[in-house]
Amino acid sequence: MIAMDELALLLRVLVAAALSAVIGLERELHGRPAGLRTHLLVGVGAALVMAAFEAATIYMGSPSDALRIDPGRLAAGVITGIGFLGAGTILKVGDWVRGLTTAASLWFVAMLGIVAGQGLYILAIGGCASGLAILSLIDPLAAHLPHRTYHTLELTVTLKRREAVEDTLNELLVGSNRKRAGKGKTRITRTSWRWDGDQQMVTLSYRIRHDRSAAVEEAIEQLSRQEGVVRADLHL
């Protein structure tokens, strides 16, 4: 009887492995740091925890008032552990944050493992199909949606030409974009100011928000040739 029950629990783990492999393969094909093996281990591990709970109840029989096992606490422990693992896949490079989707997919396969480990196969398969559709279909769709892009501009100019250069910057980005698109889609916000009294120069930092129609790189290249501009650095 116990052997048959263990085979049923093993089936749950194998189902979790198969569903986790589907998500992991999608991440692997996209060259993400957490690929097939990582997702398999997370999904199988979560399923093993839940299957072990089921096995414990089988071996111990009916729970008594003195000893009770709460499956919710087991699931909470899995969720907490995956949070630390997912955080390791998130990287911040400048103003770009990478790995958020991979971290979410690791958390997702852990949930698949928990559901499959409880023997809820239809729910687990449906959840896997939903996750795969999100990862595969939403990204191409999002590429066609209006996007906002942010740049950081550091501009070093002579004090005498500061106002003229700032007017030129606004005309090149905000003014030209308004004429082209019919409405302003670019916003420039000054974030800091550093004064060099010895050199009679000032370094201005700006936050530029624009859509993809704005030719920011070309505008800054043109600005760098203006009188009074010592240096212009554009960063993502």
# chains A, B, ... in the order shown; residues from 1 in each chain; ligands from 1
>>> residues_around(residues="Ala21 in chain A", least_positions_apart="3", cutoff="7 Å", atoms="only C-alpha atoms", output="list in words")
Ala17, Ala18, Gly24, Leu25, Leu36, His39 and Leu40 of chain A
>>> select_by_dssp(residues="range 17-117 of chain A", states="helix (DSSP H, G or I)", output="PyMOL selection string")
chain A and resi 17-29+36-60+71-87+100-117
>>> write_last_selection(atoms="C-alpha atoms", output="compact mmCIF listing (two decimals), in the first residue's frame")
# COMPACT_ATOMS: atom_id res chain seq x y z
CA ALA A 17 9.60 18.17 -13.65
CA ALA A 18 7.93 18.06 -17.06
CA LEU A 19 6.07 21.32 -16.54
CA SER A 20 9.15 23.05 -15.12
CA ALA A 21 11.18 21.84 -18.11
CA VAL A 22 8.76 23.57 -20.47
CA ILE A 23 9.30 26.93 -18.77
CA GLY A 24 13.03 26.32 -18.32
CA LEU A 25 13.48 25.44 -21.99
CA GLU A 26 11.87 28.74 -23.01
CA ARG A 27 14.32 30.62 -20.76
CA GLU A 28 17.23 28.51 -22.05
CA LEU A 29 16.39 29.32 -25.67
CA LEU A 36 16.56 24.50 -18.10
CA ARG A 37 18.48 22.89 -15.24
CA THR A 38 17.77 25.66 -12.75
CA HIS A 39 14.04 25.64 -13.45
CA LEU A 40 13.96 21.85 -13.27
CA LEU A 41 15.65 21.84 -9.88
CA VAL A 42 13.33 24.51 -8.50
CA GLY A 43 10.16 22.83 -9.74
CA VAL A 44 11.18 19.33 -8.69
CA GLY A 45 12.39 20.57 -5.31
CA ALA A 46 9.09 22.29 -4.58
CA ALA A 47 7.16 19.19 -5.61
CA LEU A 48 9.37 17.00 -3.40
CA VAL A 49 8.60 19.17 -0.38
CA MET A 50 4.88 18.83 -0.89
CA ALA A 51 5.16 15.12 -1.73
CA ALA A 52 7.18 14.56 1.43
CA PHE A 53 4.35 16.11 3.42
CA GLU A 54 1.91 13.68 1.85
CA ALA A 55 4.25 10.77 2.58
CA ALA A 56 4.58 11.86 6.20
CA THR A 57 0.82 11.82 6.66
CA ILE A 58 0.68 8.34 5.10
CA TYR A 59 3.34 6.92 7.43
CA MET A 60 1.96 8.57 10.56
CA PRO A 71 1.09 22.21 4.27
CA GLY A 72 0.68 25.97 4.11
CA ARG A 73 3.86 26.43 6.14
CA LEU A 74 5.75 24.10 3.82
CA ALA A 75 4.61 26.11 0.80
CA ALA A 76 5.54 29.36 2.56
CA GLY A 77 9.03 28.02 3.19
CA VAL A 78 9.43 27.18 -0.50
CA ILE A 79 8.21 30.63 -1.55
CA THR A 80 10.64 32.34 0.83
CA GLY A 81 13.60 30.28 -0.36
CA ILE A 82 12.83 30.93 -4.01
CA GLY A 83 12.76 34.65 -3.25
CA PHE A 84 16.44 34.55 -2.33
CA LEU A 85 17.30 32.46 -5.39
CA GLY A 86 15.39 34.77 -7.72
CA ALA A 87 17.14 37.83 -6.29
CA LEU A 100 13.32 40.29 -13.43
CA THR A 101 11.44 37.98 -15.79
CA THR A 102 13.82 35.11 -15.06
CA ALA A 103 13.39 35.64 -11.32
CA ALA A 104 9.62 35.62 -11.80
CA SER A 105 9.82 32.43 -13.87
CA LEU A 106 11.79 30.71 -11.09
CA TRP A 107 9.12 31.71 -8.59
CA PHE A 108 6.48 30.54 -11.07
CA VAL A 109 7.93 27.04 -11.54
CA ALA A 110 8.17 26.73 -7.77
CA MET A 111 4.43 27.36 -7.64
CA LEU A 112 3.95 24.77 -10.38
CA GLY A 113 5.90 22.32 -8.27
CA ILE A 114 3.74 23.03 -5.23
CA VAL A 115 0.52 22.58 -7.21
CA ALA A 116 1.73 19.41 -8.94
CA GLY A 117 3.07 18.12 -5.63
>>> atom_distance(atom1="CA of Leu120 in chain A", atom2="CA of His30 in chain A")
29.2 Å
>>> residues_around(residues="Ile188 in chain A", least_positions_apart="2", cutoff="7 Å", atoms="only C-alpha atoms", output="MDAnalysis selection string")
chainID A and resid 186 190 206:209
>>> residues_around(residues="Ser224 in chain A", least_positions_apart="6", cutoff="10 Å", atoms="only C-alpha atoms", output="list in words")
Leu155, Thr156, Val157, Val165, Leu169, Glu218, Val230, Arg231, Ala232 and Asp233 of chain A
>>> closest_residue(among="A:Ala142, A:Leu172, A:Val229, A:Val13", to="Glu217 in chain A", atoms="only C-alpha atoms")
A:Leu172
>>> closest_residue(among="A:Leu234, A:Ala129, A:Ala124, A:Ile90", to="Val216 in chain A", atoms="only C-alpha atoms")
A:Leu234
>>> select_by_dssp(residues="range 14-125 of chain A", states="strand (DSSP E or B)", output="list in words")
Leu91, Lys92, Val93, Trp96, Val97 and Arg98 of chain A
>>> atom_distance(atom1="CA of Trp193 in chain A", atom2="CA of Ala215 in chain A")
24.8 Å
>>> closest_residue(among="A:Ile220, A:Leu141, A:Leu9, A:Cys128", to="Glu166 in chain A", atoms="only C-alpha atoms")
A:Ile220
>>> atom_distance(atom1="CA of Ser205 in chain A", atom2="CA of Ser192 in chain A")
5.1 Å
>>> closest_residue(among="A:Arg161, A:Leu11, A:Asp5, A:His235", to="Tyr121 in chain A", atoms="only C-alpha atoms")
A:Leu11
